$ cat query_15.csv   # CSV, C-alpha atoms and all ligand atoms
chain,number,residue,atom,x,y,z
A,1139,MET,CA,13.4,24.2,8.7
A,1140,LYS,CA,12.3,21.0,7.0
A,1141,LYS,CA,8.8,19.8,7.8
A,1142,ARG,CA,8.8,16.6,9.7
A,1143,ILE,CA,6.5,13.6,8.8
A,1144,LEU,CA,6.0,10.5,10.9
A,1145,VAL,CA,5.7,7.4,8.8
A,1146,THR,CA,4.3,4.3,10.6
A,1147,GLY,CA,5.2,1.0,9.0
A,1148,GLY,CA,8.0,2.9,7.2
A,1149,THR,CA,10.2,-0.1,6.8
A,1150,GLY,CA,7.5,-2.0,4.9
A,1151,PHE,CA,6.9,-2.2,1.2
A,1152,ILE,CA,4.8,0.9,0.6
A,1153,GLY,CA,6.2,2.8,3.7
A,1154,SER,CA,9.8,2.5,2.6
A,1155,HIS,CA,9.1,3.7,-1.0
A,1156,THR,CA,7.1,6.6,0.4
A,1157,SER,CA,9.8,7.5,2.9
A,1158,VAL,CA,12.2,7.8,-0.1
A,1159,GLU,CA,9.9,10.1,-2.0
A,1160,LEU,CA,9.2,12.2,1.1
A,1161,ILE,CA,13.0,12.7,1.7
A,1162,GLU,CA,13.6,13.5,-1.9
A,1163,SER,CA,10.8,16.1,-1.7
A,1164,GLY,CA,12.6,17.8,1.2
A,1165,TYR,CA,10.8,16.4,4.2
A,1166,ASP,CA,12.4,15.1,7.4
A,1167,VAL,CA,11.2,11.6,8.0
A,1168,VAL,CA,10.7,9.7,11.3
A,1169,ILE,CA,9.9,6.0,10.8
A,1170,VAL,CA,8.1,4.0,13.4
A,1171,ASP,CA,7.8,0.2,12.8
A,1172,ASN,CA,7.6,-2.9,15.0
A,1173,LEU,CA,9.5,-4.9,12.4
A,1174,SER,CA,6.9,-7.6,12.6
A,1175,ASN,CA,6.9,-8.0,8.8
A,1176,SER,CA,10.1,-6.0,7.7
A,1177,LYS,CA,13.7,-5.6,8.5
A,1178,ALA,CA,15.6,-2.7,10.1
A,1179,ASP,CA,18.1,-2.9,7.2
A,1180,VAL,CA,15.6,-1.1,5.0
A,1181,ILE,CA,16.6,2.1,6.9
A,1182,TYR,CA,20.1,1.7,5.3
A,1183,GLY,CA,18.5,1.1,1.9
A,1184,ILE,CA,16.6,4.4,2.2
A,1185,GLU,CA,19.8,6.1,3.2
A,1186,LYS,CA,21.7,4.6,0.3
A,1187,ILE,CA,19.1,5.9,-2.2
A,1188,THR,CA,18.5,9.4,-0.7
A,1189,GLY,CA,21.8,10.1,1.1
A,1190,ILE,CA,19.9,10.8,4.3
A,1191,ARG,CA,19.2,8.3,7.1
A,1192,PRO,CA,15.7,8.7,8.5
A,1193,ALA,CA,15.2,8.6,12.2
A,1194,PHE,CA,13.9,5.1,13.3
A,1195,GLU,CA,12.1,3.9,16.4
A,1196,GLN,CA,11.1,0.3,16.8
A,1197,VAL,CA,7.7,0.8,18.4
A,1198,ASP,CA,4.4,-0.9,18.0
A,1199,CYS,CA,1.7,1.6,17.3
A,1200,THR,CA,-0.8,-0.3,19.5
A,1201,ASP,CA,1.5,0.7,22.5
A,1202,LEU,CA,0.1,4.2,23.4
A,1203,PRO,CA,2.8,5.3,25.9
A,1204,ALA,CA,5.6,4.3,23.6
A,1205,LEU,CA,4.0,6.1,20.7
A,1206,GLU,CA,3.5,9.2,22.9
A,1207,ASN,CA,7.2,9.2,23.7
A,1208,VAL,CA,8.1,9.1,20.0
A,1209,LEU,CA,5.8,12.1,19.3
A,1210,ARG,CA,7.3,14.0,22.2
A,1211,LYS,CA,10.8,13.2,21.2
A,1212,TYR,CA,10.4,14.4,17.6
A,1213,GLN,CA,8.2,17.5,18.1
A,1214,PRO,CA,7.2,19.3,16.0
A,1215,ILE,CA,5.6,16.8,13.6
A,1216,GLU,CA,3.4,18.2,10.8
A,1217,GLY,CA,1.8,15.1,9.5
A,1218,ILE,CA,1.5,11.3,9.9
A,1219,ILE,CA,1.3,8.8,7.1
A,1220,HIS,CA,-0.1,5.6,8.6
A,1221,PHE,CA,0.8,2.3,6.9
A,1222,ALA,CA,1.5,0.1,10.0
A,1223,ALA,CA,-1.0,-2.7,9.8
A,1224,SER,CA,-1.4,-6.4,9.3
A,1225,LYS,CA,-2.2,-7.2,5.7
A,1226,ALA,CA,-2.5,-10.9,4.9
A,1227,VAL,CA,-6.1,-11.6,3.8
A,1228,GLY,CA,-5.9,-15.3,4.6
A,1229,GLU,CA,-4.3,-14.9,8.0
A,1230,SER,CA,-7.0,-12.4,8.9
A,1231,VAL,CA,-9.6,-15.1,8.5
A,1232,LYS,CA,-7.8,-17.4,10.9
A,1233,GLU,CA,-6.7,-14.7,13.4
A,1234,PRO,CA,-9.4,-12.0,13.2
A,1235,LEU,CA,-8.7,-10.5,16.6
A,1236,LYS,CA,-5.1,-9.9,15.8
A,1237,TYR,CA,-6.3,-7.9,12.8
A,1238,TYR,CA,-9.0,-6.0,14.6
A,1239,ARG,CA,-6.6,-5.1,17.4
A,1240,ASN,CA,-3.5,-4.2,15.3
A,1241,ASN,CA,-5.3,-2.3,12.6
A,1242,THR,CA,-7.8,-0.3,14.7
A,1243,VAL,CA,-6.0,0.3,17.9
A,1244,SER,CA,-2.9,1.7,16.2
A,1245,THR,CA,-5.2,4.1,14.2
A,1246,ILE,CA,-7.0,5.2,17.3
A,1247,ASN,CA,-3.8,5.8,19.2
A,1248,LEU,CA,-2.4,8.0,16.5
A,1249,LEU,CA,-5.6,10.0,16.2
A,1250,GLU,CA,-5.8,10.4,19.9
A,1251,LEU,CA,-2.3,11.8,20.2
A,1252,MET,CA,-2.5,14.2,17.2
A,1253,PRO,CA,-4.3,17.2,18.8
A,1254,GLN,CA,-2.0,17.0,21.9
A,1255,PHE,CA,1.1,17.4,19.7
A,1256,GLY,CA,-0.5,19.8,17.2
A,1257,ILE,CA,-0.2,17.4,14.3
A,1258,LYS,CA,-2.4,18.5,11.4
A,1259,GLY,CA,-2.3,16.0,8.6
A,1260,PHE,CA,-3.2,12.3,8.5
A,1261,ILE,CA,-2.9,10.2,5.4
A,1262,PHE,CA,-4.4,6.7,5.7
A,1263,SER,CA,-3.5,3.6,3.8
A,1264,SER,CA,-6.9,2.3,2.6
A,1265,SER,CA,-7.7,-0.2,-0.1
A,1266,CYS,CA,-9.9,-0.8,-3.1
A,1267,THR,CA,-11.0,-3.8,-1.0
A,1268,VAL,CA,-13.7,-1.5,0.5
A,1269,TYR,CA,-15.6,-1.6,-2.8
A,1270,GLY,CA,-15.9,-5.4,-2.8
A,1271,GLN,CA,-17.0,-6.6,-6.2
A,1272,PRO,CA,-18.5,-3.5,-7.9
A,1273,ASN,CA,-21.4,-4.1,-10.4
A,1274,THR,CA,-19.9,-4.2,-13.9
A,1275,GLU,CA,-21.7,-0.9,-14.8
A,1276,ASN,CA,-19.9,0.8,-11.9
A,1277,LEU,CA,-16.4,-0.1,-13.3
A,1278,PRO,CA,-14.1,1.6,-13.1
A,1279,VAL,CA,-15.0,2.4,-9.5
A,1280,ARG,CA,-15.2,6.0,-8.2
A,1281,GLU,CA,-14.7,7.3,-4.7
A,1282,THR,CA,-18.4,7.8,-4.6
A,1283,SER,CA,-19.2,4.1,-5.5
A,1284,PRO,CA,-20.8,2.3,-2.6
A,1285,ARG,CA,-18.6,0.4,-0.2
A,1286,GLN,CA,-19.7,-3.2,0.3
A,1287,ASP,CA,-19.4,-5.9,2.9
A,1288,ALA,CA,-15.8,-6.9,3.3
A,1289,GLU,CA,-14.7,-10.3,2.1
A,1290,SER,CA,-12.3,-10.7,5.1
A,1291,PRO,CA,-11.5,-9.3,8.6
A,1292,TYR,CA,-8.5,-7.6,6.9
A,1293,GLY,CA,-10.8,-5.8,4.5
A,1294,ASN,CA,-13.2,-5.0,7.3
A,1295,THR,CA,-10.5,-3.3,9.3
A,1296,LYS,CA,-9.9,-0.9,6.3
A,1297,LYS,CA,-13.6,0.0,6.3
A,1298,ILE,CA,-13.7,0.4,10.1
A,1299,ASP,CA,-10.5,2.6,10.1
A,1300,GLU,CA,-12.0,4.8,7.4
A,1301,ASP,CA,-15.1,5.2,9.6
A,1302,ILE,CA,-13.0,5.9,12.8
A,1303,ILE,CA,-11.0,8.6,11.0
A,1304,THR,CA,-14.1,10.1,9.4
A,1305,ASP,CA,-16.1,10.2,12.7
A,1306,PHE,CA,-13.1,11.7,14.5
A,1307,CYS,CA,-12.8,14.5,11.9
A,1308,LYS,CA,-16.6,15.1,12.1
A,1309,SER,CA,-16.3,15.6,15.9
A,1310,GLY,CA,-14.4,18.8,15.2
A,1311,ALA,CA,-10.9,17.3,15.8
A,1312,PRO,CA,-8.3,19.9,14.7
A,1313,ILE,CA,-6.9,17.6,12.0
A,1314,GLN,CA,-7.4,16.9,8.3
A,1315,ALA,CA,-7.3,13.5,6.8
A,1316,ILE,CA,-7.0,11.9,3.4
A,1317,LEU,CA,-7.9,8.3,2.8
A,1318,LEU,CA,-6.0,6.8,-0.1
A,1319,ARG,CA,-7.7,3.7,-1.6
A,1320,TYR,CA,-4.9,1.8,-3.3
A,1321,PHE,CA,-5.4,-0.7,-6.1
A,1322,ASN,CA,-2.7,-3.3,-6.4
A,1323,PRO,CA,0.8,-1.9,-5.7
A,1324,ILE,CA,3.6,-3.7,-7.5
A,1325,GLY,CA,7.3,-3.4,-8.5
A,1326,ALA,CA,10.3,-2.1,-6.7
A,1327,HIS,CA,12.5,1.1,-6.5
A,1328,PRO,CA,14.4,1.5,-9.8
A,1329,THR,CA,17.7,1.1,-7.9
A,1330,ALA,CA,16.6,-2.3,-6.7
A,1331,ILE,CA,17.8,-1.3,-3.2
A,1332,ILE,CA,14.3,-1.6,-1.7
A,1333,GLY,CA,11.4,-3.7,-2.8
A,1334,GLU,CA,8.8,-6.2,-1.6
A,1335,LEU,CA,10.1,-8.8,0.8
A,1336,PRO,CA,7.3,-11.2,1.8
A,1337,ASN,CA,7.8,-13.7,4.6
A,1338,GLY,CA,7.6,-17.4,3.5
A,1339,VAL,CA,5.5,-18.4,0.5
A,1340,PRO,CA,4.0,-15.3,-1.1
A,1341,ALA,CA,0.3,-14.9,-1.2
A,1342,ASN,CA,0.3,-12.0,-3.7
A,1343,LEU,CA,0.7,-12.4,-7.4
A,1344,ILE,CA,3.9,-10.5,-8.2
A,1345,PRO,CA,6.3,-12.0,-5.6
A,1346,TYR,CA,5.0,-15.5,-6.4
A,1347,LEU,CA,5.5,-14.8,-10.1
A,1348,THR,CA,9.1,-13.4,-9.8
A,1349,GLN,CA,10.0,-16.2,-7.4
A,1350,THR,CA,8.7,-18.7,-10.0
A,1351,ALA,CA,10.7,-17.0,-12.8
A,1352,ILE,CA,13.9,-17.3,-10.8
A,1353,GLY,CA,13.3,-20.9,-9.8
A,1354,ILE,CA,12.4,-20.6,-6.1
A,1355,ARG,CA,8.8,-21.8,-6.9
A,1356,GLU,CA,8.2,-24.5,-9.4
A,1357,CYS,CA,5.0,-23.1,-11.0
A,1358,LEU,CA,2.7,-20.2,-10.7
A,1359,SER,CA,-0.9,-21.1,-10.2
A,1360,VAL,CA,-3.4,-18.8,-12.0
A,1361,PHE,CA,-6.5,-18.8,-9.8
A,1362,GLY,CA,-9.3,-19.4,-12.3
A,1363,ASP,CA,-9.8,-18.9,-16.0
A,1364,ASP,CA,-13.6,-19.2,-16.0
A,1365,TYR,CA,-14.5,-15.7,-14.7
A,1366,ASN,CA,-16.8,-13.4,-16.7
A,1367,THR,CA,-13.8,-11.4,-18.2
A,1368,PRO,CA,-12.4,-11.4,-21.7
A,1369,ASP,CA,-9.8,-14.1,-21.1
A,1370,GLY,CA,-11.5,-15.6,-18.0
A,1371,SER,CA,-8.8,-14.6,-15.5
A,1372,CYS,CA,-9.3,-11.9,-12.8
A,1373,ILE,CA,-8.8,-8.3,-13.6
A,1374,ARG,CA,-6.9,-5.8,-11.3
A,1375,ASP,CA,-5.5,-2.3,-11.5
A,1376,TYR,CA,-1.7,-2.7,-10.9
A,1377,ILE,CA,-0.1,0.5,-9.8
A,1378,TYR,CA,3.7,1.0,-9.7
A,1379,ILE,CA,5.0,1.4,-6.2
A,1380,VAL,CA,7.0,4.6,-6.8
A,1381,ASP,CA,3.9,6.2,-8.4
A,1382,LEU,CA,1.9,5.1,-5.4
A,1383,ALA,CA,4.5,6.5,-3.0
A,1384,LYS,CA,4.4,9.9,-4.8
A,1385,ALA,CA,0.6,10.1,-4.3
A,1386,HIS,CA,1.3,10.2,-0.5
A,1387,VAL,CA,3.6,13.2,-0.9
A,1388,ALA,CA,0.9,15.0,-3.0
A,1389,ALA,CA,-1.8,14.2,-0.5
A,1390,MET,CA,0.3,15.4,2.5
A,1391,GLU,CA,1.3,18.6,0.6
A,1392,ARG,CA,-2.4,19.3,-0.1
A,1393,ILE,CA,-3.1,19.3,3.6
A,1394,LEU,CA,0.0,21.1,4.8
A,1395,ASN,CA,-0.3,23.8,2.2
A,1396,GLY,CA,-3.8,24.5,3.3
A,1397,LYS,CA,-5.3,23.5,0.0
A,1398,SER,CA,-7.6,20.8,1.3
A,1399,ASP,CA,-11.1,22.2,1.7
A,1400,LYS,CA,-12.4,19.0,3.4
A,1401,GLN,CA,-11.8,17.6,6.8
A,1402,VAL,CA,-11.7,14.1,5.2
A,1403,ASP,CA,-11.1,13.5,1.6
A,1404,ILE,CA,-10.9,10.2,-0.4
A,1405,PHE,CA,-8.8,9.4,-3.5
A,1406,ASN,CA,-8.5,6.3,-5.5
A,1407,ILE,CA,-4.8,5.6,-6.4
A,1408,GLY,CA,-4.4,3.4,-9.4
A,1409,THR,CA,-3.7,3.6,-13.1
A,1410,GLY,CA,-7.3,3.6,-14.3
A,1411,THR,CA,-6.7,0.5,-16.4
A,1412,GLY,CA,-7.7,-3.1,-15.6
A,1413,VAL,CA,-5.3,-5.9,-16.5
A,1414,SER,CA,-6.0,-9.7,-16.3
A,1415,VAL,CA,-3.7,-12.2,-14.6
A,1416,LEU,CA,-2.9,-13.8,-18.0
A,1417,GLU,CA,-2.2,-10.4,-19.7
A,1418,LEU,CA,0.1,-9.6,-16.8
A,1419,ILE,CA,2.0,-12.9,-17.2
A,1420,HIS,CA,2.4,-12.4,-21.0
A,1421,THR,CA,3.6,-8.8,-20.4
A,1422,PHE,CA,6.2,-10.0,-17.9
A,1423,GLU,CA,7.4,-12.6,-20.4
A,1424,LYS,CA,7.7,-10.0,-23.1
A,1425,CYS,CA,9.5,-7.3,-21.1
A,1426,THR,CA,11.9,-9.6,-19.3
A,1427,GLY,CA,12.4,-12.3,-22.0
A,1428,VAL,CA,11.9,-14.9,-19.3
A,1429,LYS,CA,9.5,-17.8,-20.0
A,1430,LEU,CA,7.2,-18.4,-17.0
A,1431,ASN,CA,6.0,-21.8,-15.8
A,1432,TYR,CA,2.3,-21.4,-15.0
A,1433,LYS,CA,-0.8,-23.5,-14.9
A,1434,ILE,CA,-4.5,-22.7,-14.5
A,1435,VAL,CA,-6.0,-24.0,-11.3
A,1436,GLY,CA,-9.4,-23.4,-9.6
A,1437,ARG,CA,-10.6,-20.1,-8.2
A,1438,ARG,CA,-9.2,-18.8,-4.9
A,1439,ALA,CA,-11.8,-18.4,-2.3
A,1440,GLY,CA,-12.7,-14.7,-1.6
A,1441,ASP,CA,-11.2,-13.4,-4.9
A,1442,ILE,CA,-12.9,-10.5,-6.5
A,1443,GLU,CA,-13.6,-11.1,-10.3
A,1444,GLN,CA,-12.6,-7.7,-11.5
A,1445,VAL,CA,-11.9,-4.2,-10.2
A,1446,TRP,CA,-10.1,-1.2,-11.4
A,1447,GLY,CA,-10.3,2.4,-10.5
A,1448,ASN,CA,-11.4,5.7,-11.9
A,1449,VAL,CA,-8.5,8.0,-10.9
A,1450,ASP,CA,-9.8,11.3,-12.3
A,1451,LYS,CA,-10.2,12.8,-8.9
A,1452,ALA,CA,-6.5,12.2,-7.9
A,1453,ASN,CA,-5.4,13.4,-11.3
A,1454,LYS,CA,-7.3,16.6,-11.1
A,1455,ILE,CA,-7.3,17.6,-7.4
A,1456,LEU,CA,-3.9,16.1,-6.3
A,1457,GLY,CA,-2.3,16.9,-9.6
A,1458,TRP,CA,-1.0,13.3,-9.4
A,1459,HIS,CA,-0.7,10.8,-12.3
A,1460,ALA,CA,0.6,7.3,-12.5
A,1461,THR,CA,3.4,7.8,-15.0
A,1462,HIS,CA,5.0,4.3,-15.2
A,1463,THR,CA,3.8,1.5,-17.5
A,1464,LEU,CA,3.1,-2.1,-16.5
A,1465,GLU,CA,6.3,-3.0,-18.3
A,1466,ASP,CA,8.3,-0.5,-16.1
A,1467,ALA,CA,6.7,-2.0,-12.9
A,1468,LEU,CA,7.3,-5.6,-13.9
A,1469,SER,CA,10.8,-5.0,-15.1
A,1470,SER,CA,11.6,-3.4,-11.7
A,1471,ALA,CA,10.1,-6.3,-9.8
A,1472,TRP,CA,12.3,-8.7,-11.8
A,1473,LYS,CA,15.4,-6.6,-11.2
A,1474,TRP,CA,14.6,-6.7,-7.5
A,1475,GLN,CA,14.2,-10.5,-7.5
A,1476,GLN,CA,17.5,-10.8,-9.3
A,1477,LYS,CA,19.1,-8.5,-6.7
A,1478,LEU,CA,17.8,-10.7,-3.9
A,1479,ARG,CA,19.4,-13.7,-5.5
A,1480,ALA,CA,22.7,-11.8,-6.1
A,1481,ASP,CA,22.7,-10.8,-2.4
A,1482,GLY,CA,22.0,-14.3,-1.3
A,1483,VAL,CA,18.7,-13.3,0.4
A,1484,MET,CA,16.7,-15.8,-1.7
B,1,LIG,C1,-5.6,-8.6,-1.9
B,1,LIG,C2,-6.6,-7.8,-1.2
B,1,LIG,C3,-6.2,-6.4,-1.1
B,1,LIG,C4,-4.9,-6.3,-0.3
B,1,LIG,C5,-3.9,-7.2,-1.1
B,1,LIG,C6,-2.6,-7.2,-0.2
B,1,LIG,C7,-8.9,-8.5,-1.5
B,1,LIG,C8,-10.1,-8.6,-2.4
B,1,LIG,N1,-7.9,-7.9,-2.0
B,1,LIG,O1,-5.5,-8.2,-3.2
B,1,LIG,O2,-7.2,-5.6,-0.4
B,1,LIG,O3,-4.5,-5.0,-0.2
B,1,LIG,O4,-4.4,-8.5,-1.2
B,1,LIG,O5,-2.3,-8.3,0.4
B,1,LIG,O6,-8.9,-9.1,-0.5
B,1,LIG,N2,-3.2,-14.6,-8.3
B,1,LIG,C9,-3.0,-15.8,-9.0
B,1,LIG,N3,-2.0,-16.6,-8.5
B,1,LIG,C10,-1.3,-16.3,-7.3
B,1,LIG,C11,-1.6,-15.1,-6.6
B,1,LIG,C12,-2.6,-14.3,-7.1
B,1,LIG,O7,-3.6,-16.1,-10.0
B,1,LIG,O8,-0.4,-17.1,-6.9
B,1,LIG,C13,-4.3,-13.7,-8.8
B,1,LIG,C14,-5.4,-13.5,-7.9
B,1,LIG,O9,-6.5,-14.4,-8.1
B,1,LIG,C15,-5.8,-12.0,-8.3
B,1,LIG,C16,-4.5,-11.4,-8.7
B,1,LIG,O10,-3.6,-12.5,-9.0
B,1,LIG,O11,-6.7,-12.1,-9.3
B,1,LIG,C17,-3.9,-10.5,-7.7
B,1,LIG,O12,-3.9,-11.2,-6.4
B,1,LIG,P1,-3.1,-10.6,-5.2
B,1,LIG,O13,-1.7,-10.1,-5.5
B,1,LIG,O14,-3.2,-11.7,-4.1
B,1,LIG,O15,-3.9,-9.3,-4.7
B,1,LIG,P2,-5.5,-9.2,-4.5
B,1,LIG,O16,-6.2,-10.4,-4.1
B,1,LIG,O17,-6.1,-8.4,-5.6
$ encode --input "query_15.csv" --output "structure tokens" --more "lines below"
Ligand code: UD1
Amino acid sequence: MKKRILVTGGTGFIGSHTSVELIESGYDVVIVDNLSNSKADVIYGIEKITGIRPAFEQVDCTDLPALENVLRKYQPIEGIIHFAASKAVGESVKEPLKYYRNNTVSTINLLELMPQFGIKGFIFSSSCTVYGQPNTENLPVRETSPRQDAESPYGNTKKIDEDIITDFCKSGAPIQAILLRYFNPIGAHPTAIIGELPNGVPANLIPYLTQTAIGIRECLSVFGDDYNTPDGSCIRDYIYIVDLAKAHVAAMERILNGKSDKQVDIFNIGTGTGVSVLELIHTFEKCTGVKLNYKIVGRRAGDIEQVWGNVDKANKILGWHATHTLEDALSSAWKWQQKLRADGVM
């Protein structure tokens, strides 16, 4: 029998790509999503790519009785990959309680229900935001690098969730957890059937960039060229979404195959290479042949100057490597934007 995995937030950007990789690795996938920032159509996209339609329940993970019904209905579930969360940094500053409620209550509910339903593995969607701005001598950051005060309520919920999971595991709960700290996920599935679909004006770089390239936005603003970096623009570790999705499968397999010797383990998931905003723009222009309209503007409040990850631990212990180049990732993002235009979505 196929092992069944519950994917919360499975119609979102990272969740949908991970669901595809899980199905293609032979898992039975059940998706739970409240559709607050995604569309139910994504289920058909997953089916189109894999030939299998995952089960779908429109449920909010903060709703404990509804979540309990889902876990009962789909017994036995072997593991949970928890993506469902609010993720807009700016919004979290304006509506902190929404973020603290959504992002912590859903995690608590899932953890609370796991022992009752004999669910062993929990993979959590964490972020490099927990490192804040590491000292330059600590770059690239390792899993053992200190966490720092969060820049936003969103970032703080990631730290708090990490602590909730860790404390629950320490209490002797019959579960194992892996915290995946992602760097900046970008791109879309190579089929261009699923991808990133932000609501309204995008806050993140790649959707803003591809929307500018296709003419929806007039000009991409580069937030600052006076940072202490080689070209003055901020540096990030951009990880291709399909590579990131595969890391979740590797992490879940480690727990389900009894290979994890820790109750809670942490892995950075990135490429190990830092790329500046200007380098990224020039790479996009080169690999797509599209000239981008951009201008340098002032710094964005709360931005980290530079961060990229040391991913040796994931390479060695999970046996996982990012195999796609920045060009692959940017070309896929462009193909996805063109597909949205061809389909009349935007
Ligand atoms: C932020 C969060 C991260 C979160 C992610 C998802 C922090 C420190 N990081 O990542 O935890 O998971 O959002 O929402 O809070 N940029 C421009 N012009 C634009 C947009 C972005 O120049 O129009 C630049 C930014 O200054 C930054 C880089 O592009 O240097 C990437 O920005 P973005 O895609 O928003 O991600 P982060 O801020 O790195």
$ residues_around --input "query_15.csv" --residues "range 1194-1201 of chain A" --least-positions-apart "6" --cutoff "9 Å" --atoms "only C-alpha atoms" --output "PyMOL selection string"
chain A and resi 1146+1148+1167-1174+1178+1181+1208+1222+1239-1248
$ closest_atom_pairs --input "query_15.csv" --of "range 1309-1367 of chain A" --to "range 1448-1468 of chain A" --cutoff "8 Å" --atoms "all atoms listed in the file" --output "CSV"
residue,atom,partner,partner_atom,distance
A:Ile1324,CA,A:Ala1467,CA,6.5
A:Gly1325,CA,A:Ala1467,CA,4.7
A:Ala1326,CA,A:Ala1467,CA,7.2
$ residues_near_ligand --input "query_15.csv" --ligand "ligand LIG 1 (chain B)" --cutoff "9 Å" --atoms "only C-alpha atoms and all ligand atoms" --output "mmCIF file with C-alpha atoms, in the coordinates of the input"
data_model
loop_
_atom_site.group_PDB
_atom_site.id
_atom_site.type_symbol
_atom_site.label_atom_id
_atom_site.label_comp_id
_atom_site.auth_asym_id
_atom_site.auth_seq_id
_atom_site.Cartn_x
_atom_site.Cartn_y
_atom_site.Cartn_z
ATOM 1 C CA LYS A 1225 -2.200 -7.200 5.700
ATOM 2 C CA ALA A 1226 -2.500 -10.900 4.900
ATOM 3 C CA VAL A 1227 -6.100 -11.600 3.800
ATOM 4 C CA GLY A 1228 -5.900 -15.300 4.600
ATOM 5 C CA SER A 1264 -6.900 2.300 2.600
ATOM 6 C CA SER A 1265 -7.700 -0.200 -0.100
ATOM 7 C CA CYS A 1266 -9.900 -0.800 -3.100
ATOM 8 C CA THR A 1267 -11.000 -3.800 -1.000
ATOM 9 C CA VAL A 1268 -13.700 -1.500 0.500
ATOM 10 C CA TYR A 1269 -15.600 -1.600 -2.800
ATOM 11 C CA GLY A 1270 -15.900 -5.400 -2.800
ATOM 12 C CA GLN A 1271 -17.000 -6.600 -6.200
ATOM 13 C CA ALA A 1288 -15.800 -6.900 3.300
ATOM 14 C CA GLU A 1289 -14.700 -10.300 2.100
ATOM 15 C CA SER A 1290 -12.300 -10.700 5.100
ATOM 16 C CA TYR A 1292 -8.500 -7.600 6.900
ATOM 17 C CA GLY A 1293 -10.800 -5.800 4.500
ATOM 18 C CA LYS A 1296 -9.900 -0.900 6.300
ATOM 19 C CA TYR A 1320 -4.900 1.800 -3.300
ATOM 20 C CA PHE A 1321 -5.400 -0.700 -6.100
ATOM 21 C CA ASN A 1322 -2.700 -3.300 -6.400
ATOM 22 C CA PRO A 1323 0.800 -1.900 -5.700
ATOM 23 C CA ILE A 1324 3.600 -3.700 -7.500
ATOM 24 C CA PRO A 1340 4.000 -15.300 -1.100
ATOM 25 C CA ALA A 1341 0.300 -14.900 -1.200
ATOM 26 C CA ASN A 1342 0.300 -12.000 -3.700
ATOM 27 C CA LEU A 1343 0.700 -12.400 -7.400
ATOM 28 C CA ILE A 1344 3.900 -10.500 -8.200
ATOM 29 C CA PRO A 1345 6.300 -12.000 -5.600
ATOM 30 C CA TYR A 1346 5.000 -15.500 -6.400
ATOM 31 C CA LEU A 1347 5.500 -14.800 -10.100
ATOM 32 C CA LEU A 1358 2.700 -20.200 -10.700
ATOM 33 C CA SER A 1359 -0.900 -21.100 -10.200
ATOM 34 C CA VAL A 1360 -3.400 -18.800 -12.000
ATOM 35 C CA PHE A 1361 -6.500 -18.800 -9.800
ATOM 36 C CA GLY A 1362 -9.300 -19.400 -12.300
ATOM 37 C CA SER A 1371 -8.800 -14.600 -15.500
ATOM 38 C CA CYS A 1372 -9.300 -11.900 -12.800
ATOM 39 C CA ILE A 1373 -8.800 -8.300 -13.600
ATOM 40 C CA ARG A 1374 -6.900 -5.800 -11.300
ATOM 41 C CA ASP A 1375 -5.500 -2.300 -11.500
ATOM 42 C CA TYR A 1376 -1.700 -2.700 -10.900
ATOM 43 C CA SER A 1414 -6.000 -9.700 -16.300
ATOM 44 C CA VAL A 1415 -3.700 -12.200 -14.600
ATOM 45 C CA LEU A 1416 -2.900 -13.800 -18.000
ATOM 46 C CA ILE A 1434 -4.500 -22.700 -14.500
ATOM 47 C CA VAL A 1435 -6.000 -24.000 -11.300
ATOM 48 C CA ARG A 1437 -10.600 -20.100 -8.200
ATOM 49 C CA ARG A 1438 -9.200 -18.800 -4.900
ATOM 50 C CA ALA A 1439 -11.800 -18.400 -2.300
ATOM 51 C CA GLY A 1440 -12.700 -14.700 -1.600
ATOM 52 C CA ASP A 1441 -11.200 -13.400 -4.900
ATOM 53 C CA ILE A 1442 -12.900 -10.500 -6.500
ATOM 54 C CA GLU A 1443 -13.600 -11.100 -10.300
ATOM 55 C CA GLN A 1444 -12.600 -7.700 -11.500
ATOM 56 C CA VAL A 1445 -11.900 -4.200 -10.200
#
$ closest_residue --input "query_15.csv" --among "A:Ile1313, A:Ile1377, A:Met1139, A:Ala1204" --to "Val1413 in chain A" --atoms "all atoms listed in the file"
A:Ile1377
$ atom_distance --input "query_15.csv" --atom1 "CA of Lys1297 in chain A" --atom2 "CA of Ser1263 in chain A"
11.0 Å
$ closest_residue --input "query_15.csv" --among "A:Gln1254, A:Thr1282, A:Gln1475, A:Gln1314" --to "Ile1393 in chain A" --atoms "all atoms listed in the file"
A:Gln1314
$ residues_near_point --input "query_15.csv" --point "(9.3, -2.4, -1.7)" --cutoff "7 Å" --atoms "all atoms listed in the file" --output "ChimeraX atom specification"
/A:1150-1152,1154-1155,1326-1327,1332-1335
$ closest_residue --input "query_15.csv" --among "A:Ile1218, A:Ile1331, A:Ile1261, A:Ala1480" --to "Glu1185 in chain A" --atoms "all atoms listed in the file"
A:Ile1331
$ atom_distance --input "query_15.csv" --atom1 "CA of Lys1186 in chain A" --atom2 "CA of Ile1215 in chain A"
24.2 Å
